[in-house]
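Structure file target02.txt (compact mmCIF, C-alpha atoms) follows.
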# COMPACT_ATOMS: atom_id res chain seq x y z
CA MET A 253 114.35 133.48 78.65
CA TRP A 254 111.06 135.27 78.07
CA GLU A 255 109.94 138.04 80.40
CA ARG A 256 106.84 137.37 82.44
CA ARG A 257 104.96 140.32 80.90
CA HIS A 258 105.46 138.94 77.39
CA VAL A 259 104.38 135.43 78.41
CA THR A 260 101.28 136.86 80.10
CA GLU A 261 100.36 138.83 76.98
CA VAL A 262 100.63 135.70 74.83
CA LYS A 263 98.57 133.78 77.40
CA GLU A 264 95.81 136.41 77.22
CA ARG A 265 95.61 136.13 73.43
CA HIS A 266 95.23 132.35 73.53
CA LYS A 267 93.44 131.67 76.82
CA GLU A 268 89.92 131.34 75.37
CA ALA A 269 91.05 128.74 72.83
CA ILE A 270 92.84 126.74 75.54
CA LEU A 271 89.94 127.03 78.01
CA ALA A 272 87.60 125.69 75.34
CA LYS A 273 89.40 122.35 75.31
CA PRO A 274 87.84 119.52 77.34
CA ASN A 275 89.18 118.97 80.86
CA VAL A 276 90.87 122.42 81.00
CA LEU A 277 89.79 124.42 84.06
CA GLY A 278 92.21 127.33 83.96
CA VAL A 279 95.12 129.04 82.21
CA GLY A 280 98.00 130.95 83.76
CA THR A 281 101.69 131.81 83.69
CA GLY A 282 104.32 129.81 85.54
CA TYR A 283 107.48 127.75 85.33
CA LYS A 284 107.62 124.57 83.30
CA ASN A 285 107.63 121.39 85.37
CA ARG A 286 109.27 118.10 84.41
CA ASN A 287 109.15 114.91 86.50
CA GLY A 288 108.08 116.89 89.56
CA LYS A 289 110.94 119.40 89.27
CA GLN A 290 110.40 123.06 88.45
CA LEU A 291 112.50 124.33 85.54
CA GLY A 292 113.57 127.92 85.01
CA ASP A 293 111.61 128.53 81.81
CA LEU A 294 108.42 130.62 81.94
CA CYS A 295 105.52 129.13 80.00
CA VAL A 296 101.75 129.19 79.53
CA ILE A 297 100.19 126.66 81.91
CA ALA A 298 96.92 124.85 81.17
CA MET A 299 95.32 123.59 84.40
CA VAL A 300 93.34 120.35 84.02
CA SER A 301 91.23 118.40 86.50
CA GLN A 302 93.07 115.19 85.65
CA LYS A 303 95.86 114.45 83.17
CA ILE A 304 94.80 112.08 80.40
CA PRO A 305 97.34 110.22 78.18
CA GLN A 306 97.57 111.70 74.70
CA ALA A 307 96.49 108.38 73.21
CA GLY A 308 93.15 108.82 74.95
CA LEU A 309 92.45 112.28 73.49
CA ASP A 310 91.25 113.48 70.13
CA PRO A 311 93.98 115.62 68.47
CA SER A 312 91.68 118.65 68.66
CA ALA A 313 91.52 118.27 72.46
CA LEU A 314 95.29 118.47 72.95
CA VAL A 315 96.85 121.62 74.41
CA PRO A 316 99.34 122.87 71.79
CA ALA A 317 102.99 122.36 72.65
CA GLU A 318 103.57 126.11 72.19
CA VAL A 319 101.76 129.33 71.33
CA GLU A 320 103.59 132.15 69.52
CA GLY A 321 106.88 130.47 70.34
CA ILE A 322 106.08 130.22 74.08
CA SER A 323 106.11 126.70 75.50
CA THR A 324 103.03 125.35 77.27
CA ASP A 325 102.73 122.95 80.18
CA VAL A 326 99.81 120.96 81.59
CA MET A 327 99.23 120.97 85.36
CA GLN A 328 96.79 118.65 87.15
CA VAL A 329 94.85 120.62 89.78
CA GLY A 330 91.96 118.29 90.67
CA PHE A 331 88.33 119.32 90.81
CA LEU A 332 88.01 122.98 91.74
CA ARG A 333 84.99 123.86 93.86
CA ALA A 334 83.99 126.45 96.39
CA GLN A 335 85.06 125.11 99.77
CA GLN A 336 82.29 123.44 101.75
CA GLU A 337 82.24 121.48 104.97
CA ARG A 338 81.81 117.75 104.43
CA ASN A 339 78.68 117.77 106.59
CA ASP A 340 77.04 120.49 104.46
CA ARG A 341 74.34 119.90 101.86
CA TRP A 342 76.12 119.08 98.56
CA ARG A 343 74.36 119.28 95.17
CA PRO A 344 75.81 117.62 93.27
CA ALA A 345 77.17 115.31 95.98
CA LEU A 346 80.31 113.19 95.73
CA GLY A 347 82.24 110.63 97.72
CA GLY A 348 83.50 111.74 101.12
CA VAL A 349 80.49 113.76 102.30
CA SER A 350 77.84 113.22 104.97
CA LEU A 351 74.74 111.09 104.39
CA GLY A 352 72.76 108.26 105.96
CA HIS A 353 69.51 106.39 106.46
CA TYR A 354 66.88 108.74 107.90
CA LYS A 355 66.88 106.86 111.23
CA ILE A 356 70.66 107.01 111.90
CA THR A 357 73.05 109.88 112.68
CA ALA A 358 75.39 110.05 109.66
CA GLY A 359 78.05 108.18 107.74
CA THR A 360 79.98 108.75 104.53
CA LEU A 361 79.09 108.47 100.85
CA GLY A 362 81.73 106.08 99.52
CA VAL A 363 81.63 106.18 95.73
CA VAL A 364 79.35 105.76 92.73
CA VAL A 365 78.99 102.17 91.49
CA ARG A 366 76.97 100.59 88.69
CA ASP A 367 74.52 97.71 88.77
CA ARG A 368 76.04 94.78 86.87
CA THR A 369 72.74 93.91 85.19
CA THR A 370 71.21 97.29 84.33
CA GLY A 371 74.19 99.66 84.47
CA THR A 372 72.20 101.97 86.77
CA ARG A 373 74.35 104.33 88.84
CA MET A 374 74.11 103.68 92.58
CA ILE A 375 75.93 105.04 95.62
CA LEU A 376 77.90 102.79 97.96
CA SER A 377 78.26 102.86 101.73
CA ASN A 378 77.83 100.49 104.69
CA ASN A 379 74.78 98.49 105.77
CA HIS A 380 74.81 100.33 109.09
CA VAL A 381 74.85 103.68 107.24
CA PHE A 382 72.21 102.96 104.57
CA ALA A 383 70.16 100.11 106.06
CA ASN A 384 70.31 100.82 109.82
CA ASN A 385 71.81 97.42 110.73
CA ASN A 386 69.38 95.32 108.64
CA GLN A 387 66.36 97.34 109.83
CA GLY A 388 65.92 99.31 106.60
CA GLN A 389 63.51 98.53 103.78
CA GLN A 390 63.94 99.07 100.05
CA GLY A 391 62.84 102.61 99.25
CA ASP A 392 63.74 104.07 102.66
CA PRO A 393 65.01 107.69 102.45
CA ILE A 394 68.75 108.32 102.47
CA LEU A 395 69.51 111.87 103.58
CA GLN A 396 72.37 114.11 102.43
CA PRO A 397 73.54 115.50 104.76
CA GLY A 398 72.82 112.90 107.42
CA ALA A 399 70.29 113.62 110.16
CA VAL A 400 72.90 114.61 112.76
CA ASP A 401 74.20 117.21 110.30
CA GLY A 402 70.80 118.80 109.81
CA GLY A 403 69.41 116.57 107.05
CA ARG A 404 65.62 116.33 107.00
CA GLU A 405 63.47 113.84 105.10
CA GLU A 406 61.21 116.47 103.54
CA LYS A 407 64.01 118.49 101.93
CA ASP A 408 67.22 116.40 101.93
CA THR A 409 66.17 112.98 100.64
CA PHE A 410 69.02 112.38 98.22
CA ALA A 411 68.58 108.66 97.48
CA THR A 412 66.53 105.62 98.46
CA LEU A 413 67.78 102.32 99.83
CA GLU A 414 68.16 99.78 97.02
CA ARG A 415 69.67 96.67 98.67
CA PHE A 416 72.16 95.59 101.31
CA CYS A 417 74.25 92.62 102.40
CA PRO A 418 72.59 91.44 105.66
CA ILE A 419 74.79 91.38 108.74
CA ARG A 420 74.62 88.10 110.66
CA PHE A 421 74.99 89.05 114.30
CA ASN A 422 76.48 86.74 116.95
CA HIS A 423 74.79 88.24 119.99
CA GLY A 424 71.95 90.65 120.69
CA PRO A 425 68.74 91.45 122.57
CA VAL A 426 65.82 89.07 122.16
CA ASP A 427 62.70 89.74 120.13
CA CYS A 428 61.00 86.56 121.32
CA SER A 429 58.01 86.91 123.70
CA THR A 430 58.59 83.42 125.17
CA ALA A 431 62.19 84.23 126.12
CA GLU A 432 61.14 87.59 127.56
CA ALA A 433 58.39 85.93 129.61
CA TYR A 434 60.85 83.33 130.91
CA ALA A 435 63.31 86.05 131.98
CA GLY A 436 60.50 88.05 133.59
CA PHE A 437 59.29 85.03 135.57
CA GLY A 438 62.84 84.26 136.72
CA ASN A 439 63.42 87.82 137.88
CA ALA A 440 60.10 87.91 139.72
CA MET A 441 61.01 84.71 141.58
CA ALA A 442 64.48 86.07 142.39
CA LYS A 443 62.96 89.22 143.84
CA LEU A 444 60.43 87.20 145.85
CA LEU A 445 63.23 85.09 147.32
CA GLY A 446 65.32 88.15 148.16
CA SER A 447 68.04 87.47 145.60
CA LYS A 448 69.90 90.41 144.08
CA HIS A 449 70.68 88.45 140.90
CA ARG A 450 68.63 88.95 137.76
CA VAL A 451 68.25 87.10 134.43
CA GLN A 452 68.61 88.87 131.08
CA ALA A 453 67.46 87.17 127.90
CA PHE A 454 69.54 87.42 124.74
CA TRP A 455 70.02 85.39 121.59
CA SER A 456 73.35 83.92 120.50
CA ASP A 457 74.64 82.52 117.20
CA PRO A 458 78.38 81.95 117.69
CA GLN A 459 78.80 80.39 114.22
CA ALA A 460 77.54 83.45 112.31
CA THR A 461 80.22 85.17 110.21
CA ASN A 462 80.32 88.00 107.68
CA GLN A 463 82.49 89.27 104.86
CA VAL A 464 81.11 92.78 104.37
CA ASP A 465 79.07 95.58 105.93
CA ALA A 466 77.79 97.13 102.71
CA ALA A 467 74.74 98.59 100.97
CA ILE A 468 73.77 100.64 97.93
CA ALA A 469 71.17 103.34 97.35
CA ARG A 470 69.61 104.75 94.19
CA PRO A 471 69.98 108.54 93.72
CA VAL A 472 66.67 110.39 93.42
CA ASN A 473 68.21 112.58 90.70
CA ASP A 474 71.06 110.93 88.81
CA ARG A 475 72.48 114.32 87.83
CA GLU A 476 72.98 115.29 91.49
CA VAL A 477 75.75 112.77 92.19
CA LEU A 478 79.31 112.84 90.82
CA ASP A 479 81.62 109.91 90.14
CA GLU A 480 84.50 111.62 91.98
CA ILE A 481 85.59 111.42 95.61
CA LEU A 482 86.34 114.70 97.39
CA GLU A 483 90.12 115.42 97.46
CA ILE A 484 90.87 112.15 95.65
CA GLY A 485 89.16 112.20 92.24
CA ALA A 486 87.61 109.57 89.98
CA ILE A 487 88.35 105.91 90.72
CA SER A 488 89.55 103.85 87.75
CA GLY A 489 89.44 100.26 89.05
CA ILE A 490 90.28 97.99 91.96
CA LEU A 491 93.49 96.65 93.46
CA PRO A 492 93.99 93.74 95.91
CA ALA A 493 95.22 94.78 99.34
CA MET A 494 98.88 94.10 100.11
CA LEU A 495 100.81 94.28 103.36
CA SER A 496 102.57 97.64 103.89
CA MET A 497 100.56 99.24 101.06
CA ARG A 498 100.07 102.97 101.48
CA VAL A 499 96.37 103.89 101.35
CA ARG A 500 94.05 106.88 101.75
CA LYS A 501 90.40 107.67 102.31
CA SER A 502 88.04 110.67 102.17
CA GLY A 503 85.45 110.71 104.96
CA ARG A 504 82.77 112.88 106.54
CA THR A 505 84.50 113.35 109.91
CA THR A 506 88.27 113.33 109.39
CA GLY A 507 88.44 114.30 105.71
CA LEU A 508 91.37 113.07 103.66
CA THR A 509 93.65 110.79 105.69
CA THR A 510 96.42 108.39 104.78
CA GLY A 511 97.57 105.16 106.34
CA GLN A 512 99.23 101.79 105.80
CA ILE A 513 97.90 98.23 105.66
CA MET A 514 99.15 96.36 108.72
CA VAL A 515 97.16 93.08 108.75
CA LEU A 516 95.34 91.02 106.09
CA ASP A 517 92.88 88.11 106.34
CA ALA A 518 91.82 89.30 109.79
CA THR A 519 89.00 87.73 111.82
CA VAL A 520 87.48 90.38 114.08
CA THR A 521 84.43 90.87 116.29
CA ILE A 522 82.77 94.28 115.90
CA ASP A 523 80.56 95.96 118.50
CA TYR A 524 77.31 97.37 117.04
CA GLY A 525 75.97 98.81 120.28
CA ASP A 526 73.61 96.18 121.70
CA ARG A 527 74.81 93.55 119.21
CA SER A 528 78.08 92.14 117.91
CA ALA A 529 79.16 90.51 114.66
CA ARG A 530 82.18 88.54 113.49
CA PHE A 531 83.89 89.39 110.19
CA GLU A 532 86.39 87.25 108.27
CA ASN A 533 89.13 88.18 105.77
CA GLN A 534 89.26 91.85 106.73
CA ILE A 535 91.87 94.56 106.08
CA VAL A 536 93.43 96.32 109.09
CA THR A 537 95.21 99.65 108.62
CA THR A 538 96.80 102.20 110.87
CA VAL A 539 94.21 104.55 112.37
CA MET A 540 92.54 106.58 109.61
CA SER A 541 89.06 107.32 110.90
CA GLN A 542 86.62 108.44 113.56
CA PRO A 543 82.86 107.86 113.95
CA GLY A 544 81.04 109.21 110.88
CA ASP A 545 83.73 108.04 108.44
CA SER A 546 82.00 104.67 107.95
CA GLY A 547 81.35 104.04 104.27
CA SER A 548 84.50 105.77 103.03
CA LEU A 549 86.26 104.09 100.11
CA LEU A 550 89.81 102.88 100.84
CA VAL A 551 91.99 103.90 97.89
CA ALA A 552 95.57 102.98 97.01
CA GLY A 553 98.04 105.70 97.92
CA GLU A 554 99.82 105.66 94.56
CA SER A 555 96.95 105.10 92.13
CA MET A 556 93.23 105.78 91.63
CA GLN A 557 92.22 102.20 92.46
CA ALA A 558 89.85 101.06 95.20
CA VAL A 559 91.14 98.62 97.82
CA GLY A 560 88.40 98.37 100.45
CA LEU A 561 85.36 99.83 102.19
CA LEU A 562 85.87 101.37 105.64
CA PHE A 563 83.35 100.08 108.20
CA ALA A 564 84.81 100.07 111.72
CA GLY A 565 87.73 101.13 113.87
CA SER A 566 89.13 102.37 117.14
CA ASP A 567 91.66 104.96 118.24
CA GLN A 568 94.38 102.42 117.33
CA VAL A 569 93.34 100.87 113.97
CA THR A 570 90.77 101.12 111.16
CA LEU A 571 89.02 98.15 109.53
CA HIS A 572 87.91 97.71 105.92
CA ASN A 573 86.06 95.11 103.85
CA PRO A 574 88.00 93.94 100.74
CA ILE A 575 86.50 95.81 97.79
CA GLN A 576 86.01 92.75 95.57
CA SER A 577 83.90 91.08 98.27
CA VAL A 578 81.78 94.24 98.53
CA LEU A 579 81.19 94.45 94.78
CA ASP A 580 80.35 90.76 94.48
CA CYS A 581 77.90 90.79 97.40
CA LEU A 582 76.00 93.78 96.02
CA ASP A 583 76.32 92.70 92.36
CA VAL A 584 77.80 96.02 91.28
CA THR A 585 80.95 97.28 89.60
CA LEU A 586 83.08 100.41 89.84

Can the structure in the file be given as structure tokens, please?
Amino acid sequence: MWERRHVTEVKERHKEAILAKPNVLGVGTGYKNRNGKQLGDLCVIAMVSQKIPQAGLDPSALVPAEVEGISTDVMQVGFLRAQQERNDRWRPALGGVSLGHYKITAGTLGVVVRDRTTGTRMILSNNHVFANNNQGQQGDPILQPGAVDGGREEKDTFATLERFCPIRFNHGPVDCSTAEAYAGFGNAMAKLLGSKHRVQAFWSDPQATNQVDAAIARPVNDREVLDEILEIGAISGILPAMLSMRVRKSGRTTGLTTGQIMVLDATVTIDYGDRSARFENQIVTTVMSQPGDSGSLLVAGESMQAVGLLFAGSDQVTLHNPIQSVLDCLDVTL
């Protein structure tokens, strides 16, 4: 067995060559690891953001199996950055941090997607985060961080609203002058007659249903947004939801949380303040979120594949749109 001092000396002589290889973030001395178990042999460790199969690398990019007779090992360490709060201003920004339409409080940047027609990089979140519940217009400012976290239009406009899947509400306040006049007349008559009852006008569409609460925005500067998600990494595809599947998400308010899928194909009615909307075919997990986490990407617990888009919840459960429905509605791909 080599002494640590000798291994460290060899590491120092070769560190620049190893650091020059793509994906390598650091070099150090430690014990060799195999199948998650630490062995007793000291070696030179190359720290990479994400392990890549050898078949996917050019031979010149490979870390040598040994240097001066000392074995090497490759350790995945993720994306190393100075620690910031998720509601800080991030440049470049990545999934899991605060942002939102300039007229809302804040939600979460989900992930980078690409337009199926042009290939343009976009950022994904909810309609109620990017489009203010259908009230937004194409080109509206998207702030990072969101307004409640100090974001201001003049200095923090990070993206502009591109498009959204409209939410069809079942119930809400009226915007019809005739209905308002009718309610006003009825209330005036009730008051005149001494009644304590009053009439309130509202519109109702009980047949309206939805599949997703989703929207995309176009970054102002494409170089200021990363494909990764904070504390998760880069997403490599999608995976259909399955009962009992372990899942995780990275969100503005509660950070990295894990959970389990409890219900599939759910029909639920969601409260949007003064309005409500029914959603079909939804994913229900154990509680994983709090307000401000809306827009987080739901990711499989054992792989880097997207499963859903977080959009609602309570202190008992969290709800997510199936990811394929989100991508199809917005005509984008991961």

Using only C-alpha atoms, what does the table of region 280-342 of chain A residues within 12 Å of region 545-561 of chain A look like, with each row giving the shortest atom pair and its distance in Å to one decimal, sorted by chain and ascending number, as CSV?
residue,atom,partner,partner_atom,distance
A:Gln302,CA,A:Met556,CA,11.2
A:Arg338,CA,A:Asp545,CA,10.7
A:Asn339,CA,A:Asp545,CA,11.1

Show me the residues around (65.3, 112.5, 100.1) - criterion: an atom at most 12 Å away, all atoms listed in the file counted - as JSON, numbers by chain. {"A": [341, 351, 352, 353, 354, 391, 392, 393, 394, 395, 396, 397, 398, 399, 403, 404, 405, 406, 407, 408, 409, 410, 411, 412, 413, 469, 470, 471, 472, 473, 476]}

Best match for closeness to Gly388 (chain A) among A:Asp517, A:Asp340, A:Glu532, A:Glu414, counting only C-alpha atoms: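 When distances to Gly388 (chain A) are compared using only C-alpha atoms, the smallest one comes from A:Glu414.
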
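Counting only C-alpha atoms, Ala317 (chain A) has the following residues at most 10 Å away, ignoring those fewer than 6 positions along the same chain: Val296, Ser323, Thr324, Asp325 and Val326 of chain A.
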
May I have the residues within 8 Å of region 342-347 of chain A as a tab-separated table (two decimals) with C-alpha atoms, in the coordinates of the input, using all atoms listed in the file and disregarding those fewer than 3 positions away in the same chain?
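File written: part_16.tsv
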chain	number	residue	atom	x	y	z
A	360	THR	CA	79.98	108.75	104.53
A	361	LEU	CA	79.09	108.47	100.85
A	362	GLY	CA	81.73	106.08	99.52
A	363	VAL	CA	81.63	106.18	95.73
A	364	VAL	CA	79.35	105.76	92.73
A	396	GLN	CA	72.37	114.11	102.43
A	397	PRO	CA	73.54	115.50	104.76
A	475	ARG	CA	72.48	114.32	87.83
A	476	GLU	CA	72.98	115.29	91.49
A	477	VAL	CA	75.75	112.77	92.19
A	478	LEU	CA	79.31	112.84	90.82
A	479	ASP	CA	81.62	109.91	90.14
A	480	GLU	CA	84.50	111.62	91.98
A	481	ILE	CA	85.59	111.42	95.61
A	482	LEU	CA	86.34	114.70	97.39
A	502	SER	CA	88.04	110.67	102.17
A	503	GLY	CA	85.45	110.71	104.96
A	548	SER	CA	84.50	105.77	103.03

I want to know what sits within 10 Å of Arg368 (chain A), based on all atoms listed in the file, with residues of the same chain fewer than 2 positions away left out; could you give that as a PyMOL selection string? chain A and resi 365-366+370-373+579-580+582-586

Because some atoms of region 547-574 of chain A are absent here, can you restore N, CA and C atoms and send them as a PDB file, keeping the file's coordinate frame?
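Result file is out_17.pdb:
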ATOM      1  N   GLY A 547      81.807 103.960 105.658  1.00  0.00           N
ATOM      2  CA  GLY A 547      81.350 104.040 104.270  1.00  0.00           C
ATOM      3  C   GLY A 547      82.364 104.634 103.334  1.00  0.00           C
ATOM      4  N   SER A 548      83.452 105.188 103.872  1.00  0.00           N
ATOM      5  CA  SER A 548      84.500 105.770 103.030  1.00  0.00           C
ATOM      6  C   SER A 548      85.175 104.672 102.195  1.00  0.00           C
ATOM      7  N   LEU A 549      85.546 105.019 100.975  1.00  0.00           N
ATOM      8  CA  LEU A 549      86.260 104.090 100.110  1.00  0.00           C
ATOM      9  C   LEU A 549      87.745 104.132 100.450  1.00  0.00           C
ATOM     10  N   LEU A 550      88.359 102.971 100.631  1.00  0.00           N
ATOM     11  CA  LEU A 550      89.810 102.880 100.840  1.00  0.00           C
ATOM     12  C   LEU A 550      90.461 102.811  99.469  1.00  0.00           C
ATOM     13  N   VAL A 551      91.376 103.748  99.212  1.00  0.00           N
ATOM     14  CA  VAL A 551      91.990 103.900  97.890  1.00  0.00           C
ATOM     15  C   VAL A 551      93.503 103.739  98.016  1.00  0.00           C
ATOM     16  N   ALA A 552      94.116 103.132  97.013  1.00  0.00           N
ATOM     17  CA  ALA A 552      95.570 102.980  97.010  1.00  0.00           C
ATOM     18  C   ALA A 552      96.239 104.344  97.071  1.00  0.00           C
ATOM     19  N   GLY A 553      97.358 104.416  97.758  1.00  0.00           N
ATOM     20  CA  GLY A 553      98.040 105.700  97.920  1.00  0.00           C
ATOM     21  C   GLY A 553      98.708 106.196  96.666  1.00  0.00           C
ATOM     22  N   GLU A 554      99.056 105.277  95.744  1.00  0.00           N
ATOM     23  CA  GLU A 554      99.820 105.660  94.560  1.00  0.00           C
ATOM     24  C   GLU A 554      99.030 105.536  93.266  1.00  0.00           C
ATOM     25  N   SER A 555      97.762 105.228  93.350  1.00  0.00           N
ATOM     26  CA  SER A 555      96.950 105.100  92.130  1.00  0.00           C
ATOM     27  C   SER A 555      95.502 105.440  92.467  1.00  0.00           C
ATOM     28  N   MET A 556      94.652 105.464  91.441  1.00  0.00           N
ATOM     29  CA  MET A 556      93.230 105.780  91.630  1.00  0.00           C
ATOM     30  C   MET A 556      92.407 104.493  91.670  1.00  0.00           C
ATOM     31  N   GLN A 557      92.896 103.485  92.382  1.00  0.00           N
ATOM     32  CA  GLN A 557      92.220 102.200  92.460  1.00  0.00           C
ATOM     33  C   GLN A 557      91.700 101.931  93.868  1.00  0.00           C
ATOM     34  N   ALA A 558      90.486 101.363  93.926  1.00  0.00           N
ATOM     35  CA  ALA A 558      89.850 101.060  95.200  1.00  0.00           C
ATOM     36  C   ALA A 558      90.424  99.784  95.788  1.00  0.00           C
ATOM     37  N   VAL A 559      90.587  99.763  97.108  1.00  0.00           N
ATOM     38  CA  VAL A 559      91.140  98.620  97.820  1.00  0.00           C
ATOM     39  C   VAL A 559      90.131  98.023  98.795  1.00  0.00           C
ATOM     40  N   GLY A 560      89.333  98.875  99.450  1.00  0.00           N
ATOM     41  CA  GLY A 560      88.400  98.370 100.450  1.00  0.00           C
ATOM     42  C   GLY A 560      87.316  99.366 100.781  1.00  0.00           C
ATOM     43  N   LEU A 561      86.446  98.985 101.718  1.00  0.00           N
ATOM     44  CA  LEU A 561      85.360  99.830 102.190  1.00  0.00           C
ATOM     45  C   LEU A 561      85.460  99.931 103.699  1.00  0.00           C
ATOM     46  N   LEU A 562      85.696 101.136 104.211  1.00  0.00           N
ATOM     47  CA  LEU A 562      85.870 101.370 105.640  1.00  0.00           C
ATOM     48  C   LEU A 562      84.545 101.112 106.372  1.00  0.00           C
ATOM     49  N   PHE A 563      84.600 100.344 107.479  1.00  0.00           N
ATOM     50  CA  PHE A 563      83.350 100.080 108.200  1.00  0.00           C
ATOM     51  C   PHE A 563      83.469 100.122 109.715  1.00  0.00           C
ATOM     52  N   ALA A 564      84.684 100.099 110.268  1.00  0.00           N
ATOM     53  CA  ALA A 564      84.810 100.070 111.720  1.00  0.00           C
ATOM     54  C   ALA A 564      86.208 100.523 112.121  1.00  0.00           C
ATOM     55  N   GLY A 565      86.414 100.737 113.414  1.00  0.00           N
ATOM     56  CA  GLY A 565      87.730 101.130 113.870  1.00  0.00           C
ATOM     57  C   GLY A 565      87.755 101.479 115.336  1.00  0.00           C
ATOM     58  N   SER A 566      88.915 101.932 115.772  1.00  0.00           N
ATOM     59  CA  SER A 566      89.130 102.370 117.140  1.00  0.00           C
ATOM     60  C   SER A 566      90.116 103.523 117.097  1.00  0.00           C
ATOM     61  N   ASP A 567      90.636 103.908 118.255  1.00  0.00           N
ATOM     62  CA  ASP A 567      91.660 104.960 118.240  1.00  0.00           C
ATOM     63  C   ASP A 567      93.051 104.388 117.970  1.00  0.00           C
ATOM     64  N   GLN A 568      93.101 103.073 117.626  1.00  0.00           N
ATOM     65  CA  GLN A 568      94.380 102.420 117.330  1.00  0.00           C
ATOM     66  C   GLN A 568      94.476 101.923 115.885  1.00  0.00           C
ATOM     67  N   VAL A 569      93.351 101.445 115.326  1.00  0.00           N
ATOM     68  CA  VAL A 569      93.340 100.870 113.970  1.00  0.00           C
ATOM     69  C   VAL A 569      92.027 101.222 113.279  1.00  0.00           C
ATOM     70  N   THR A 570      91.994 100.995 111.956  1.00  0.00           N
ATOM     71  CA  THR A 570      90.770 101.120 111.160  1.00  0.00           C
ATOM     72  C   THR A 570      90.582  99.849 110.363  1.00  0.00           C
ATOM     73  N   LEU A 571      89.328  99.398 110.223  1.00  0.00           N
ATOM     74  CA  LEU A 571      89.020  98.150 109.530  1.00  0.00           C
ATOM     75  C   LEU A 571      88.224  98.399 108.254  1.00  0.00           C
ATOM     76  N   HIS A 572      88.493  97.542 107.249  1.00  0.00           N
ATOM     77  CA  HIS A 572      87.910  97.710 105.920  1.00  0.00           C
ATOM     78  C   HIS A 572      87.546  96.336 105.343  1.00  0.00           C
ATOM     79  N   ASN A 573      86.411  96.294 104.627  1.00  0.00           N
ATOM     80  CA  ASN A 573      86.060  95.110 103.850  1.00  0.00           C
ATOM     81  C   ASN A 573      86.858  95.118 102.543  1.00  0.00           C
ATOM     82  N   PRO A 574      87.367  93.973 102.066  1.00  0.00           N
ATOM     83  CA  PRO A 574      88.000  93.940 100.740  1.00  0.00           C
ATOM     84  C   PRO A 574      87.004  94.369  99.658  1.00  0.00           C
TER      85      PRO A 574
END
